[in-house]
Amino acid sequence: MDPATAEAQAEALAARQAEERAAAERAALAQQPAGEQAGVQAGGAQVEAAEPVQVVLIWEGIGPLHKGFFSDAQATTGLSVGLAGSVSAPANVYVRYDSATFAGSLRLQLRPDTLRLSVRHQGDVVALGDLAPITRALAAYRSDVAGRYDVRVESFAVGIESFRGADGCVFGVAGAPPPDGSVVSPCVVVGGQQRCGQPEAEGVRFPPEVARAVKACLDLR
């Protein structure tokens, strides 16, 4: 296959995946009551009253100036409070920037058995919305740093990553940019591939093999 053909096929695949994600996320947003879309509440998880969580920031591609921005004491304290009751300490938050693609991200990495939220699941349906307390906290932290120092930080994607065996998972968020984290995307990157489920009233329905991987990433038994 010549390079031009390979590039054209890659672009076509990326376009199909973007369309699939957009359609799935529109369906997920349509499932949310108006108050939840506005960020008042999301998912069915109840976050227990708890002490603030120790936050550890891990850098990839972040320069000294922006390390200082993200390390702002008030911003990190807000994140620590926002994650209380959702995960066990320490909360490892990866702050990344890819200078080749000009894309940044903030992802909380779930270590085994550290998720304290109760994520509902039944068969091949997983209530990804129950993860929203985590994604809302990350989005609020991103916006706090952007508002204090550099508005460009508002473009950083927020999400959750988890690695269990060969199948790692990345959970993102849906909504108008910059999304406030209230709606967890029904599209999960599993083993490096985007897999979109069907939003339903009780959660997101995935193909059986994808559901198994997603539940493993969230330590759901």
# chains A, B, ... in the order shown; residues from 1 in each chain; ligands from 1
>>> residues_around(residues="Ala174 in chain A", least_positions_apart="3", cutoff="10 Å", atoms="only C-alpha atoms", output="PyMOL selection string")
chain A and resi 21-22+24-26+28-29+37+177-187
>>> residues_around(residues="Val87 in chain A", least_positions_apart="2", cutoff="7 Å", atoms="only C-alpha atoms", output="tab-separated table (two decimals) with N, CA, C and O atoms, in the first residue's frame")
chain	number	residue	atom	x	y	z
A	83	LEU	N	-12.37	15.46	44.88
A	83	LEU	CA	-12.20	14.01	44.72
A	83	LEU	C	-12.49	13.24	46.00
A	83	LEU	O	-12.48	12.00	45.99
A	84	ALA	N	-12.76	13.95	47.09
A	84	ALA	CA	-13.01	13.28	48.37
A	84	ALA	C	-14.16	12.29	48.24
A	84	ALA	O	-15.23	12.61	47.71
A	85	GLY	N	-13.94	11.08	48.71
A	85	GLY	CA	-14.97	10.05	48.68
A	85	GLY	C	-15.07	9.30	47.38
A	85	GLY	O	-15.79	8.31	47.29
A	89	ALA	N	-6.60	7.65	48.45
A	89	ALA	CA	-5.35	8.38	48.27
A	89	ALA	C	-4.20	7.40	48.02
A	89	ALA	O	-4.23	6.27	48.51
A	91	ALA	N	-4.38	10.30	44.88
A	91	ALA	CA	-5.03	10.45	43.59
A	91	ALA	C	-3.97	10.89	42.59
A	91	ALA	O	-3.50	12.03	42.64
A	114	THR	N	-8.98	1.14	43.95
A	114	THR	CA	-8.95	2.45	44.62
A	114	THR	C	-10.20	3.27	44.33
A	114	THR	O	-10.37	4.34	44.91
A	115	LEU	N	-11.08	2.79	43.43
A	115	LEU	CA	-12.32	3.50	43.15
A	115	LEU	C	-13.30	3.30	44.29
A	115	LEU	O	-13.67	2.17	44.62
A	116	ARG	N	-13.71	4.38	44.92
A	116	ARG	CA	-14.62	4.30	46.06
A	116	ARG	C	-16.07	4.55	45.67
A	116	ARG	O	-16.98	4.31	46.47
>>> select_by_dssp(residues="range 121-194 of chain A", states="alpha helix (DSSP H)", output="list in words")
Ala132, Pro133, Ile134, Thr135, Arg136, Ala137, Leu138, Ala139, Ala140, Tyr141, Arg142, Ser143, Asp144, Val145, Ala146, Gly147 and Arg148 of chain A
>>> write_last_selection(atoms="all heavy atoms", output="compact mmCIF listing (two decimals), in the first residue's frame")
# COMPACT_ATOMS: atom_id res chain seq x y z
N ALA A 132 -19.11 10.47 37.21
CA ALA A 132 -19.12 11.92 37.02
C ALA A 132 -18.55 12.73 38.18
O ALA A 132 -17.98 13.80 37.94
CB ALA A 132 -20.53 12.40 36.69
N PRO A 133 -18.67 12.30 39.46
CA PRO A 133 -18.02 13.10 40.50
C PRO A 133 -16.52 13.29 40.27
O PRO A 133 -15.96 14.34 40.60
CB PRO A 133 -18.29 12.28 41.78
CG PRO A 133 -19.60 11.60 41.49
CD PRO A 133 -19.51 11.22 40.03
N ILE A 134 -15.88 12.29 39.66
CA ILE A 134 -14.44 12.41 39.37
C ILE A 134 -14.22 13.36 38.21
O ILE A 134 -13.38 14.27 38.27
CB ILE A 134 -13.84 11.03 39.06
CG1 ILE A 134 -13.91 10.13 40.28
CG2 ILE A 134 -12.39 11.17 38.58
CD1 ILE A 134 -13.47 8.69 40.03
N THR A 135 -14.96 13.16 37.12
CA THR A 135 -14.73 14.00 35.94
C THR A 135 -15.14 15.45 36.19
O THR A 135 -14.51 16.37 35.65
CB THR A 135 -15.46 13.42 34.72
OG1 THR A 135 -16.84 13.20 35.03
CG2 THR A 135 -14.83 12.08 34.30
N ARG A 136 -16.15 15.67 37.01
CA ARG A 136 -16.52 17.05 37.35
C ARG A 136 -15.40 17.73 38.15
O ARG A 136 -15.10 18.90 37.94
CB ARG A 136 -17.83 17.09 38.15
CG ARG A 136 -19.07 16.87 37.31
CD ARG A 136 -20.31 17.43 38.01
NE ARG A 136 -20.47 16.92 39.36
CZ ARG A 136 -21.19 15.84 39.67
NH1 ARG A 136 -21.80 15.16 38.73
NH2 ARG A 136 -21.31 15.46 40.92
N ALA A 137 -14.80 16.98 39.07
CA ALA A 137 -13.71 17.55 39.87
C ALA A 137 -12.53 17.91 38.99
O ALA A 137 -11.90 18.98 39.15
CB ALA A 137 -13.29 16.56 40.96
N LEU A 138 -12.20 17.05 38.03
CA LEU A 138 -11.09 17.33 37.11
C LEU A 138 -11.40 18.54 36.23
O LEU A 138 -10.54 19.38 36.00
CB LEU A 138 -10.82 16.11 36.24
CG LEU A 138 -10.23 14.89 36.95
CD1 LEU A 138 -10.26 13.67 36.02
CD2 LEU A 138 -8.81 15.15 37.42
N ALA A 139 -12.64 18.62 35.74
CA ALA A 139 -13.01 19.75 34.88
C ALA A 139 -12.99 21.06 35.66
O ALA A 139 -12.57 22.11 35.14
CB ALA A 139 -14.39 19.50 34.28
N ALA A 140 -13.45 21.02 36.91
CA ALA A 140 -13.43 22.24 37.73
C ALA A 140 -11.99 22.69 38.00
O ALA A 140 -11.69 23.89 37.97
CB ALA A 140 -14.16 21.99 39.04
N TYR A 141 -11.11 21.74 38.23
CA TYR A 141 -9.68 22.04 38.45
C TYR A 141 -9.08 22.67 37.19
O TYR A 141 -8.39 23.70 37.26
CB TYR A 141 -8.96 20.76 38.83
CG TYR A 141 -7.46 20.81 38.78
CD1 TYR A 141 -6.73 21.64 39.63
CD2 TYR A 141 -6.75 19.98 37.90
CE1 TYR A 141 -5.33 21.66 39.59
CE2 TYR A 141 -5.37 19.99 37.87
CZ TYR A 141 -4.66 20.83 38.70
OH TYR A 141 -3.29 20.83 38.67
N ARG A 142 -9.35 22.06 36.03
CA ARG A 142 -8.86 22.61 34.76
C ARG A 142 -9.33 24.06 34.57
O ARG A 142 -8.53 24.94 34.23
CB ARG A 142 -9.38 21.75 33.61
CG ARG A 142 -9.06 22.28 32.21
CD ARG A 142 -10.08 21.78 31.20
NE ARG A 142 -11.42 22.23 31.53
CZ ARG A 142 -12.52 21.59 31.17
NH1 ARG A 142 -12.46 20.49 30.47
NH2 ARG A 142 -13.71 22.08 31.51
N SER A 143 -10.61 24.31 34.82
CA SER A 143 -11.15 25.65 34.62
C SER A 143 -10.59 26.63 35.63
O SER A 143 -10.41 27.82 35.33
CB SER A 143 -12.68 25.61 34.70
OG SER A 143 -13.21 24.84 33.63
N ASP A 144 -10.32 26.16 36.84
CA ASP A 144 -9.73 27.02 37.87
C ASP A 144 -8.34 27.47 37.42
O ASP A 144 -8.00 28.66 37.48
CB ASP A 144 -9.66 26.26 39.19
CG ASP A 144 -9.32 27.16 40.36
OD1 ASP A 144 -9.16 28.38 40.16
OD2 ASP A 144 -9.21 26.64 41.50
N VAL A 145 -7.51 26.51 36.97
CA VAL A 145 -6.17 26.86 36.51
C VAL A 145 -6.24 27.79 35.30
O VAL A 145 -5.50 28.77 35.21
CB VAL A 145 -5.37 25.57 36.17
CG1 VAL A 145 -4.03 25.93 35.53
CG2 VAL A 145 -5.15 24.73 37.43
N ALA A 146 -7.16 27.49 34.37
CA ALA A 146 -7.30 28.33 33.18
C ALA A 146 -7.70 29.75 33.56
O ALA A 146 -7.17 30.73 33.01
CB ALA A 146 -8.33 27.72 32.23
N GLY A 147 -8.63 29.88 34.49
CA GLY A 147 -9.09 31.19 34.90
C GLY A 147 -8.03 31.99 35.64
O GLY A 147 -7.98 33.22 35.54
N ARG A 148 -7.18 31.32 36.37
CA ARG A 148 -6.16 32.01 37.15
C ARG A 148 -4.95 32.41 36.30
O ARG A 148 -4.33 33.46 36.54
CB ARG A 148 -5.65 31.12 38.29
CG ARG A 148 -6.66 30.86 39.40
CD ARG A 148 -6.07 29.87 40.41
NE ARG A 148 -7.05 29.44 41.39
CZ ARG A 148 -7.33 30.09 42.51
NH1 ARG A 148 -6.67 31.20 42.80
NH2 ARG A 148 -8.24 29.64 43.35
>>> closest_atom_pairs(of="range 62-93 of chain A", to="range 152-169 of chain A", cutoff="10 Å", atoms="only C-alpha atoms", output="CSV")
residue,atom,partner,partner_atom,distance
A:His66,CA,A:Val153,CA,9.3
A:Phe69,CA,A:Val153,CA,9.7
A:Phe70,CA,A:Val153,CA,9.5
A:Val93,CA,A:Ile160,CA,9.0
>>> atom_distance(atom1="CA of Val173 in chain A", atom2="CA of Gly197 in chain A")
13.7 Å
>>> closest_residue(among="A:Val210, A:Leu108, A:Val188, A:Val204", to="Asp130 in chain A", atoms="only C-alpha atoms")
A:Val204
